[in-house]
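S.K.: Coordinates in coords-v1.txt, compact mmCIF, C-alpha atoms, are listed below.
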# COMPACT_ATOMS: atom_id res chain seq x y z
CA MET A 200 25.67 -31.52 32.55
CA SER A 201 23.41 -29.42 30.33
CA GLN A 202 23.51 -32.24 27.75
CA THR A 203 22.60 -34.74 30.48
CA ASN A 204 19.68 -32.58 31.59
CA GLU A 205 18.47 -32.17 28.02
CA ASN A 206 18.56 -35.95 27.54
CA ALA A 207 16.75 -36.54 30.85
CA VAL A 208 13.93 -34.15 29.87
CA ARG A 209 13.68 -35.64 26.38
CA ASP A 210 13.51 -39.14 27.85
CA LEU A 211 10.84 -38.08 30.40
CA LEU A 212 8.67 -36.58 27.62
CA GLU A 213 9.04 -39.65 25.41
CA ARG A 214 8.00 -41.92 28.31
CA TRP A 215 5.07 -39.58 29.10
CA ALA A 216 3.83 -39.70 25.47
CA ALA A 217 4.18 -43.50 25.48
CA ALA A 218 2.11 -43.66 28.70
CA VAL A 219 -0.58 -41.50 27.05
CA ARG A 220 -0.70 -43.91 24.10
CA ALA A 221 -0.87 -46.89 26.51
CA LYS A 222 -3.75 -45.22 28.47
CA ASN A 223 -1.62 -45.69 31.61
CA VAL A 224 -3.01 -42.67 33.50
CA SER A 225 -0.95 -43.15 36.70
CA GLU A 226 2.21 -43.18 34.55
CA VAL A 227 0.96 -40.11 32.60
CA LEU A 228 0.75 -38.27 35.94
CA ALA A 229 3.94 -39.74 37.44
CA ASN A 230 6.27 -36.75 36.89
CA HIS A 231 3.90 -33.82 37.45
CA SER A 232 3.78 -31.17 40.14
CA PRO A 233 0.67 -31.22 42.38
CA LYS A 234 0.41 -27.57 41.30
CA ILE A 235 0.51 -28.31 37.53
CA ARG A 236 -1.11 -25.56 35.45
CA MET A 237 -2.24 -26.76 32.04
CA PHE A 238 -3.60 -24.97 28.98
CA ASP A 239 -5.27 -27.68 26.86
CA VAL A 240 -6.58 -27.88 23.26
CA PRO A 241 -10.28 -27.98 24.23
CA PRO A 242 -11.82 -25.87 27.03
CA PRO A 243 -11.48 -25.12 29.91
CA PHE A 244 -9.14 -22.12 29.60
CA GLU A 245 -6.88 -23.66 32.29
CA SER A 246 -6.73 -26.82 34.44
CA ARG A 247 -5.07 -26.48 37.87
CA GLY A 248 -3.69 -29.28 40.01
CA LEU A 249 -3.43 -33.01 39.40
CA ALA A 250 -7.16 -33.84 39.70
CA GLU A 251 -8.11 -31.31 37.00
CA TYR A 252 -5.09 -32.37 34.93
CA GLU A 253 -6.18 -36.02 35.11
CA GLN A 254 -9.67 -34.95 33.98
CA THR A 255 -8.19 -33.56 30.72
CA TRP A 256 -6.92 -37.07 29.90
CA ARG A 257 -10.34 -38.64 30.57
CA LEU A 258 -11.77 -36.10 28.09
CA PHE A 259 -8.98 -36.85 25.59
CA TYR A 260 -9.56 -40.63 25.78
CA SER A 261 -13.32 -40.12 25.28
CA SER A 262 -12.49 -38.52 21.88
CA GLN A 263 -9.82 -41.01 20.71
CA PRO A 264 -10.56 -44.22 18.82
CA ASP A 265 -8.51 -47.29 19.78
CA ARG A 266 -5.41 -47.28 19.24
CA VAL A 267 -4.70 -43.86 20.82
CA ALA A 268 -2.28 -41.63 18.88
CA PHE A 269 -0.11 -39.12 20.76
CA ASP A 270 3.02 -38.84 18.70
CA ILE A 271 6.00 -36.50 19.05
CA LYS A 272 6.79 -35.48 15.44
CA TRP A 273 9.49 -32.95 16.37
CA LEU A 274 10.84 -31.88 19.78
CA GLU A 275 13.29 -29.25 21.01
CA VAL A 276 14.49 -29.21 24.63
CA VAL A 277 16.19 -26.25 26.35
CA ALA A 278 17.56 -27.39 29.74
CA GLY A 279 19.53 -25.57 32.44
CA ALA A 280 20.67 -27.05 35.75
CA ASP A 281 17.23 -26.85 37.42
CA VAL A 282 14.80 -25.23 34.95
CA ALA A 283 13.90 -26.51 31.47
CA PHE A 284 11.31 -26.10 28.79
CA ALA A 285 10.48 -28.02 25.62
CA PHE A 286 8.32 -27.38 22.59
CA ALA A 287 7.03 -29.85 20.05
CA HIS A 288 4.94 -30.63 17.01
CA MET A 289 2.49 -33.35 18.03
CA GLN A 290 -0.08 -35.52 16.31
CA CYS A 291 -3.15 -37.34 17.60
CA VAL A 292 -6.27 -38.38 15.69
CA GLU A 293 -9.69 -36.80 15.50
CA PRO A 294 -12.48 -39.10 14.37
CA THR A 295 -14.77 -37.33 11.89
CA GLU A 296 -18.09 -38.50 10.47
CA LYS A 297 -16.44 -39.85 7.34
CA VAL A 298 -12.93 -40.82 8.44
CA ARG A 299 -12.34 -42.61 11.73
CA ARG A 300 -8.66 -41.65 12.02
CA THR A 301 -8.15 -38.10 10.76
CA PRO A 302 -4.68 -36.88 11.86
CA LEU A 303 -4.81 -33.79 14.11
CA ASN A 304 -1.59 -31.80 14.37
CA PHE A 305 -1.17 -29.70 17.51
CA ARG A 306 1.49 -27.63 19.26
CA LEU A 307 2.91 -28.47 22.71
CA THR A 308 5.07 -26.50 25.16
CA VAL A 309 6.15 -27.98 28.52
CA GLY A 310 7.84 -26.26 31.49
CA LEU A 311 9.85 -28.24 34.07
CA ARG A 312 11.77 -27.75 37.33
CA LYS A 313 14.30 -30.06 38.89
CA VAL A 314 13.18 -30.83 42.47
CA GLU A 315 15.47 -32.95 44.70
CA GLY A 316 17.35 -34.19 41.65
CA ARG A 317 14.24 -35.14 39.67
CA TRP A 318 12.62 -33.34 36.73
CA ILE A 319 8.96 -32.43 37.33
CA ILE A 320 6.46 -30.96 34.84
CA VAL A 321 4.90 -27.78 36.28
CA HIS A 322 3.24 -26.43 33.13
CA GLU A 323 1.82 -27.73 29.83
CA HIS A 324 0.36 -25.79 26.92
CA HIS A 325 -1.36 -27.75 24.10
CA SER A 326 -3.12 -25.95 21.23
CA VAL A 327 -4.20 -25.79 17.61
CA PRO A 328 -4.30 -22.54 15.63
CA ALA A 329 -7.67 -20.78 15.98
CA THR A 330 -9.87 -20.89 12.89
CA MET B 180 20.15 -14.90 42.14
CA SER B 181 17.10 -16.96 41.17
CA GLN B 182 14.92 -14.10 42.50
CA THR B 183 16.97 -11.62 40.45
CA ASN B 184 16.51 -13.75 37.32
CA GLU B 185 12.78 -14.08 37.95
CA ASN B 186 12.48 -10.31 38.30
CA ALA B 187 14.56 -9.73 35.15
CA VAL B 188 12.31 -12.05 33.09
CA ARG B 189 9.15 -10.50 34.53
CA ASP B 190 10.44 -7.02 33.74
CA LEU B 191 11.41 -8.06 30.18
CA LEU B 192 7.90 -9.48 29.55
CA GLU B 193 6.18 -6.39 30.96
CA ARG B 194 8.29 -4.14 28.70
CA TRP B 195 7.54 -6.42 25.72
CA ALA B 196 3.78 -6.23 26.35
CA ALA B 197 4.03 -2.44 26.70
CA ALA B 198 5.91 -2.28 23.35
CA VAL B 199 3.12 -4.36 21.74
CA ARG B 200 0.52 -1.90 23.06
CA ALA B 201 2.63 1.05 21.80
CA LYS B 202 2.96 -0.60 18.33
CA ASN B 203 6.74 -0.21 18.71
CA VAL B 204 7.69 -3.21 16.56
CA SER B 205 11.48 -2.83 16.88
CA GLU B 206 11.07 -2.82 20.68
CA VAL B 207 8.70 -5.83 20.46
CA LEU B 208 11.53 -7.73 18.69
CA ALA B 209 14.38 -6.33 20.80
CA ASN B 210 14.93 -9.36 23.07
CA HIS B 211 14.25 -12.25 20.68
CA SER B 212 16.49 -14.94 19.27
CA PRO B 213 17.02 -14.84 15.48
CA LYS B 214 15.86 -18.49 15.70
CA ILE B 215 12.60 -17.69 17.57
CA ARG B 216 9.95 -20.38 17.10
CA MET B 217 6.43 -19.11 17.72
CA PHE B 218 3.06 -20.85 17.96
CA ASP B 219 0.46 -18.06 17.51
CA VAL B 220 -3.32 -17.79 18.07
CA PRO B 221 -4.22 -17.62 14.33
CA PRO B 222 -2.52 -19.74 11.64
CA PRO B 223 0.16 -20.54 10.57
CA PHE B 224 0.93 -23.58 12.75
CA GLU B 225 4.40 -22.12 13.48
CA SER B 226 6.43 -19.00 12.64
CA ARG B 227 10.22 -19.41 12.49
CA GLY B 228 12.84 -16.67 12.71
CA LEU B 229 12.50 -12.93 13.29
CA ALA B 230 11.02 -12.03 9.87
CA GLU B 231 8.14 -14.51 10.28
CA TYR B 232 7.76 -13.48 13.94
CA GLU B 233 7.47 -9.81 12.94
CA GLN B 234 4.80 -10.79 10.38
CA THR B 235 2.61 -12.17 13.21
CA TRP B 236 2.55 -8.69 14.76
CA ARG B 237 1.56 -7.04 11.45
CA LEU B 238 -1.34 -9.53 11.33
CA PHE B 239 -2.21 -8.81 14.97
CA TYR B 240 -2.26 -5.02 14.43
CA SER B 241 -4.48 -5.45 11.35
CA SER B 242 -7.12 -7.02 13.66
CA GLN B 243 -6.85 -4.59 16.61
CA PRO B 244 -8.79 -1.34 16.89
CA ASP B 245 -6.92 1.69 18.28
CA ARG B 246 -5.94 1.61 21.24
CA VAL B 247 -4.26 -1.84 21.08
CA ALA B 248 -4.87 -4.08 24.09
CA PHE B 249 -2.24 -6.66 25.10
CA ASP B 250 -2.59 -6.98 28.82
CA ILE B 251 -0.92 -9.39 31.25
CA LYS B 252 -3.74 -10.38 33.64
CA TRP B 253 -1.71 -12.99 35.54
CA LEU B 254 1.91 -14.13 35.11
CA GLU B 255 4.11 -16.82 36.66
CA VAL B 256 7.86 -16.93 35.99
CA VAL B 257 10.12 -19.94 36.66
CA ALA B 258 13.77 -18.87 36.28
CA GLY B 259 17.04 -20.77 36.72
CA ALA B 260 20.54 -19.36 36.17
CA ASP B 261 20.37 -19.50 32.36
CA VAL B 262 17.02 -21.05 31.35
CA ALA B 263 13.55 -19.69 32.21
CA PHE B 264 9.94 -20.01 31.19
CA ALA B 265 6.81 -18.04 31.98
CA PHE B 266 3.10 -18.60 31.51
CA ALA B 267 0.31 -16.07 31.60
CA HIS B 268 -3.33 -15.20 31.21
CA MET B 269 -3.53 -12.46 28.60
CA GLN B 270 -6.21 -10.20 27.17
CA CYS B 271 -6.50 -8.34 23.88
CA VAL B 272 -9.64 -7.21 22.06
CA GLU B 273 -11.46 -8.71 19.13
CA PRO B 274 -13.73 -6.35 17.21
CA THR B 275 -17.05 -8.03 16.37
CA GLU B 276 -19.81 -6.76 14.12
CA LYS B 277 -21.79 -5.42 17.06
CA VAL B 278 -19.14 -4.56 19.64
CA ARG B 279 -15.94 -2.82 18.62
CA ARG B 280 -13.96 -3.84 21.71
CA THR B 281 -14.89 -7.39 22.73
CA PRO B 282 -12.30 -8.69 25.24
CA LEU B 283 -10.43 -11.79 24.04
CA ASN B 284 -8.71 -13.87 26.72
CA PHE B 285 -5.80 -16.01 25.58
CA ARG B 286 -3.04 -18.17 27.06
CA LEU B 287 0.69 -17.41 26.70
CA THR B 288 3.83 -19.45 27.41
CA VAL B 289 7.33 -18.03 26.80
CA GLY B 290 10.71 -19.82 26.88
CA LEU B 291 13.97 -17.91 27.45
CA ARG B 292 17.73 -18.48 27.59
CA LYS B 293 20.36 -16.24 29.11
CA VAL B 294 22.99 -15.50 26.45
CA GLU B 295 26.09 -13.48 27.44
CA GLY B 296 24.31 -12.24 30.56
CA ARG B 297 21.13 -11.18 28.76
CA TRP B 298 17.71 -12.92 28.70
CA ILE B 299 16.51 -13.75 25.18
CA ILE B 300 13.10 -15.14 24.12
CA VAL B 301 13.57 -18.30 22.03
CA HIS B 302 9.98 -19.59 22.04
CA GLU B 303 6.43 -18.21 22.37
CA HIS B 304 3.14 -20.08 22.43
CA HIS B 305 -0.12 -18.06 22.26
CA SER B 306 -3.52 -19.79 22.05
CA VAL B 307 -7.21 -19.86 22.80
CA PRO B 308 -9.09 -23.09 23.61
CA ALA B 309 -10.41 -24.77 20.45
CA THR B 310 -14.18 -24.58 19.98
Take the structure in this file and express it as structure tokens.
M.R.:
Amino acid sequence: MSQTNENAVRDLLERWAAAVRAKNVSEVLANHSPKIRMFDVPPPFESRGLAEYEQTWRLFYSSQPDRVAFDIKWLEVVAGADVAFAFAHMQCVEPTEKVRRTPLNFRLTVGLRKVEGRWIIVHEHHSVPAT
Amino acid sequence: MSQTNENAVRDLLERWAAAVRAKNVSEVLANHSPKIRMFDVPPPFESRGLAEYEQTWRLFYSSQPDRVAFDIKWLEVVAGADVAFAFAHMQCVEPTEKVRRTPLNFRLTVGLRKVEGRWIIVHEHHSVPAT
């Protein structure tokens, strides 16, 4: 059961990352709580609720060259019967003046609850180390 | 039971933050997995295991004036029977050239497992928005 839950969460996160890469925003939002609380790489400090969460993706796409990168390089999932979290090493690209596709490594943590048999993301935390 | 677990995790995190403020490093590390994986505010990208985790606190203390601030301003806990996560708005201080105690707000996410009846921190993610 715990193995099944771990696989379900891993699968959900892989489909979510694929939707980000495909710029399929409705699919990006498909498994999120209306009360999602997100800590993103750029400001603001926090985004609350689906409308603000969607806005973070508009901002992300405005910074990404085509083809969008949003790659899971390493992922660990810890899943119980109805609560799970996952943490990952991620990579997107950051266009600089000289190089259009500079890889940007960032850290990701996701918190999930199982609601009526379905895993839902209630929290995301994306960051880079402060410089 | 879920309420009991939520309270236990909240209590553990409040005692951990108090230990950070008291510079009681052994107490700061008392409820952590030997395999803790931490994403911190400053580099490195990740710290793995208790020795590297302890090093992040040495670095933190080297930047903090006396009295150390490490305050939970807002905290939400999501706890199942044996997996839990929590996310918080935190505040420490950052001494600047002009002002010795400039408040620094940061984001925190913590992942926990219950092992032999005891909650253990297996993951921490601390960050500020990138500028």
S.K.: Rounded to one decimal, what separation in Å do you get between atom CA of A:Leu228 and atom CA of A:Leu258?
M.R.: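 According to the coordinates, atom CA of A:Leu228 and atom CA of A:Leu258 are separated by 14.9 Å.
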S.K.: Which chain B residues have any atom within 10 Å of an atom of chain A, and for each, what is the nearest pair of atoms with distance in Å to one decimal, counting only C-alpha atoms, rows sorted by chain and number, as JSON lines?
M.R.:
{"residue": "B:Arg216", "atom": "CA", "partner": "A:Phe286", "partner_atom": "CA", "distance": 9.0}
{"residue": "B:Met217", "atom": "CA", "partner": "A:Phe286", "partner_atom": "CA", "distance": 9.8}
{"residue": "B:Phe218", "atom": "CA", "partner": "A:Arg306", "partner_atom": "CA", "distance": 7.1}
{"residue": "B:Asp219", "atom": "CA", "partner": "A:Pro328", "partner_atom": "CA", "distance": 6.8}
{"residue": "B:Val220", "atom": "CA", "partner": "A:Pro328", "partner_atom": "CA", "distance": 5.4}
{"residue": "B:Pro221", "atom": "CA", "partner": "A:Ala329", "partner_atom": "CA", "distance": 5.0}
{"residue": "B:Pro222", "atom": "CA", "partner": "A:Pro328", "partner_atom": "CA", "distance": 5.2}
{"residue": "B:Pro223", "atom": "CA", "partner": "A:Pro328", "partner_atom": "CA", "distance": 7.0}
{"residue": "B:Phe224", "atom": "CA", "partner": "A:Pro328", "partner_atom": "CA", "distance": 6.1}
{"residue": "B:Glu225", "atom": "CA", "partner": "A:Arg306", "partner_atom": "CA", "distance": 8.5}
{"residue": "B:Val257", "atom": "CA", "partner": "A:Val282", "partner_atom": "CA", "distance": 7.3}
{"residue": "B:Ala258", "atom": "CA", "partner": "A:Val282", "partner_atom": "CA", "distance": 6.6}
{"residue": "B:Gly259", "atom": "CA", "partner": "A:Val282", "partner_atom": "CA", "distance": 5.3}
{"residue": "B:Ala260", "atom": "CA", "partner": "A:Gly279", "partner_atom": "CA", "distance": 7.3}
{"residue": "B:Asp261", "atom": "CA", "partner": "A:Gly279", "partner_atom": "CA", "distance": 6.1}
{"residue": "B:Val262", "atom": "CA", "partner": "A:Gly279", "partner_atom": "CA", "distance": 5.3}
{"residue": "B:Ala263", "atom": "CA", "partner": "A:Val282", "partner_atom": "CA", "distance": 6.3}
{"residue": "B:Phe264", "atom": "CA", "partner": "A:Gly310", "partner_atom": "CA", "distance": 6.6}
{"residue": "B:Ala265", "atom": "CA", "partner": "A:Gly310", "partner_atom": "CA", "distance": 8.3}
{"residue": "B:Phe266", "atom": "CA", "partner": "A:His322", "partner_atom": "CA", "distance": 8.0}
{"residue": "B:His268", "atom": "CA", "partner": "A:Phe244", "partner_atom": "CA", "distance": 9.2}
{"residue": "B:Asn284", "atom": "CA", "partner": "A:Phe244", "partner_atom": "CA", "distance": 8.7}
{"residue": "B:Phe285", "atom": "CA", "partner": "A:Phe244", "partner_atom": "CA", "distance": 8.0}
{"residue": "B:Arg286", "atom": "CA", "partner": "A:Phe238", "partner_atom": "CA", "distance": 7.1}
{"residue": "B:Leu287", "atom": "CA", "partner": "A:His324", "partner_atom": "CA", "distance": 8.4}
{"residue": "B:Thr288", "atom": "CA", "partner": "A:His324", "partner_atom": "CA", "distance": 7.2}
{"residue": "B:Val289", "atom": "CA", "partner": "A:Thr308", "partner_atom": "CA", "distance": 8.9}
{"residue": "B:Gly290", "atom": "CA", "partner": "A:Phe284", "partner_atom": "CA", "distance": 6.6}
{"residue": "B:Leu291", "atom": "CA", "partner": "A:Val277", "partner_atom": "CA", "distance": 8.7}
{"residue": "B:Arg292", "atom": "CA", "partner": "A:Val277", "partner_atom": "CA", "distance": 8.0}
{"residue": "B:Lys293", "atom": "CA", "partner": "A:Gly279", "partner_atom": "CA", "distance": 9.9}
{"residue": "B:Val301", "atom": "CA", "partner": "A:Val277", "partner_atom": "CA", "distance": 9.4}
{"residue": "B:His302", "atom": "CA", "partner": "A:Phe286", "partner_atom": "CA", "distance": 8.0}
{"residue": "B:Glu303", "atom": "CA", "partner": "A:Thr308", "partner_atom": "CA", "distance": 8.9}
{"residue": "B:His304", "atom": "CA", "partner": "A:Thr308", "partner_atom": "CA", "distance": 7.2}
{"residue": "B:His305", "atom": "CA", "partner": "A:Ser326", "partner_atom": "CA", "distance": 8.5}
{"residue": "B:Ser306", "atom": "CA", "partner": "A:Ser326", "partner_atom": "CA", "distance": 6.2}
{"residue": "B:Val307", "atom": "CA", "partner": "A:Ala329", "partner_atom": "CA", "distance": 6.9}
{"residue": "B:Pro308", "atom": "CA", "partner": "A:Pro241", "partner_atom": "CA", "distance": 5.1}
{"residue": "B:Ala309", "atom": "CA", "partner": "A:Pro241", "partner_atom": "CA", "distance": 5.0}
{"residue": "B:Thr310", "atom": "CA", "partner": "A:Pro241", "partner_atom": "CA", "distance": 6.7}
S.K.: Give me the residues near B:Asp250 as a PyMOL selection string, where near means some atom within 10 Å (using all atoms listed in the file) and where sequence neighbours in that chain fewer than 5 positions away do not count.
M.R.: chain B and resi 193+196-197+199-200+267-272+284
S.K.: Tell me, in Å to one decimal, how far atom CA of B:Lys214 is from atom CA of A:Trp273.
M.R.: 15.8 Å
S.K.: If I take atom CA of B:Phe239 and atom CA of B:Asp190, how far is one from the other in Å, to one decimal?
M.R.: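 These atoms are spaced 22.7 Å apart.
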S.K.: Which residues, written as a list in words, have at least one atom at most 12 Å from A:Ala218, with only C-alpha atoms counted and residues fewer than 3 positions away on the same chain left out?
M.R.: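 Listing them by chain and then by number gives Leu211, Leu212, Glu213, Arg214, Trp215, Ala221, Lys222, Asn223, Val224, Ser225, Glu226, Val227, Leu228, Ala229, Asn230, Trp256, Val267, Ala268, Phe269 and Asp270 of chain A.
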S.K.: Under the rule that all atoms listed in the file are counted, which of B:Arg246, B:His211, B:Arg237, B:Arg189 is the nearest residue to B:Pro274?
M.R.: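 Closest residue, counting all atoms listed in the file: B:Arg246.
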S.K.: Given 8 Å of margin on each side, can you work out the centre and size in Å (one decimal) of an axis-aligned box holding every listed atom of stretch 212-222 of chain B, as JSON?
M.R.:
{"center_x": 6.4, "center_y": -17.8, "center_z": 15.5, "size_x": 37.2, "size_y": 22.0, "size_z": 23.6}
S.K.: If you keep N, CA and C atoms, can you output stretch 221-244 of chain B as a compact mmCIF listing (two decimals), in the first residue's frame?
M.R.:
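Generated output (out_19.txt):
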# COMPACT_ATOMS: atom_id res chain seq x y z
N PRO B 221 21.52 29.74 2.49
CA PRO B 221 22.77 29.95 1.74
C PRO B 221 23.22 28.66 1.07
N PRO B 222 24.21 28.72 0.15
CA PRO B 222 24.80 27.49 -0.37
C PRO B 222 25.40 26.67 0.79
N PRO B 223 25.59 25.34 0.61
CA PRO B 223 25.49 24.58 -0.64
C PRO B 223 24.04 24.32 -1.10
N PHE B 224 23.92 23.74 -2.28
CA PHE B 224 22.64 23.38 -2.88
C PHE B 224 21.89 22.40 -1.97
N GLU B 225 22.63 21.46 -1.35
CA GLU B 225 22.03 20.46 -0.46
C GLU B 225 23.04 20.05 0.60
N SER B 226 22.58 19.76 1.81
CA SER B 226 23.41 19.15 2.85
C SER B 226 22.83 17.79 3.19
N ARG B 227 23.69 16.77 3.21
CA ARG B 227 23.23 15.39 3.42
C ARG B 227 23.84 14.78 4.67
N GLY B 228 22.98 14.24 5.53
CA GLY B 228 23.45 13.55 6.73
C GLY B 228 23.65 14.53 7.87
N LEU B 229 23.75 14.00 9.09
CA LEU B 229 23.76 14.84 10.29
C LEU B 229 24.99 15.73 10.39
N ALA B 230 26.17 15.25 9.94
CA ALA B 230 27.38 16.06 10.07
C ALA B 230 27.26 17.32 9.19
N GLU B 231 26.79 17.14 7.95
CA GLU B 231 26.61 18.30 7.06
C GLU B 231 25.47 19.20 7.57
N TYR B 232 24.43 18.57 8.13
CA TYR B 232 23.31 19.35 8.68
C TYR B 232 23.79 20.21 9.85
N GLU B 233 24.59 19.62 10.72
CA GLU B 233 25.12 20.38 11.87
C GLU B 233 25.96 21.57 11.38
N GLN B 234 26.72 21.35 10.29
CA GLN B 234 27.56 22.41 9.73
C GLN B 234 26.73 23.63 9.32
N THR B 235 25.49 23.40 8.83
CA THR B 235 24.64 24.54 8.43
C THR B 235 24.32 25.42 9.63
N TRP B 236 24.23 24.81 10.81
CA TRP B 236 23.92 25.60 12.02
C TRP B 236 25.14 26.39 12.47
N ARG B 237 26.33 25.81 12.34
CA ARG B 237 27.58 26.56 12.65
C ARG B 237 27.63 27.81 11.77
N LEU B 238 27.33 27.62 10.47
CA LEU B 238 27.32 28.75 9.53
C LEU B 238 26.26 29.78 9.94
N PHE B 239 25.08 29.29 10.29
CA PHE B 239 23.99 30.19 10.71
C PHE B 239 24.42 31.02 11.93
N TYR B 240 24.99 30.35 12.95
CA TYR B 240 25.38 31.07 14.17
C TYR B 240 26.47 32.10 13.89
N SER B 241 27.34 31.80 12.88
CA SER B 241 28.42 32.75 12.57
C SER B 241 27.86 34.04 11.98
N SER B 242 26.60 34.00 11.49
CA SER B 242 25.99 35.20 10.87
C SER B 242 25.03 35.92 11.81
N GLN B 243 24.69 35.30 12.95
CA GLN B 243 23.66 35.87 13.83
C GLN B 243 24.28 36.63 14.99
N PRO B 244 23.80 37.85 15.25
CA PRO B 244 24.24 38.55 16.46
C PRO B 244 23.60 37.87 17.67
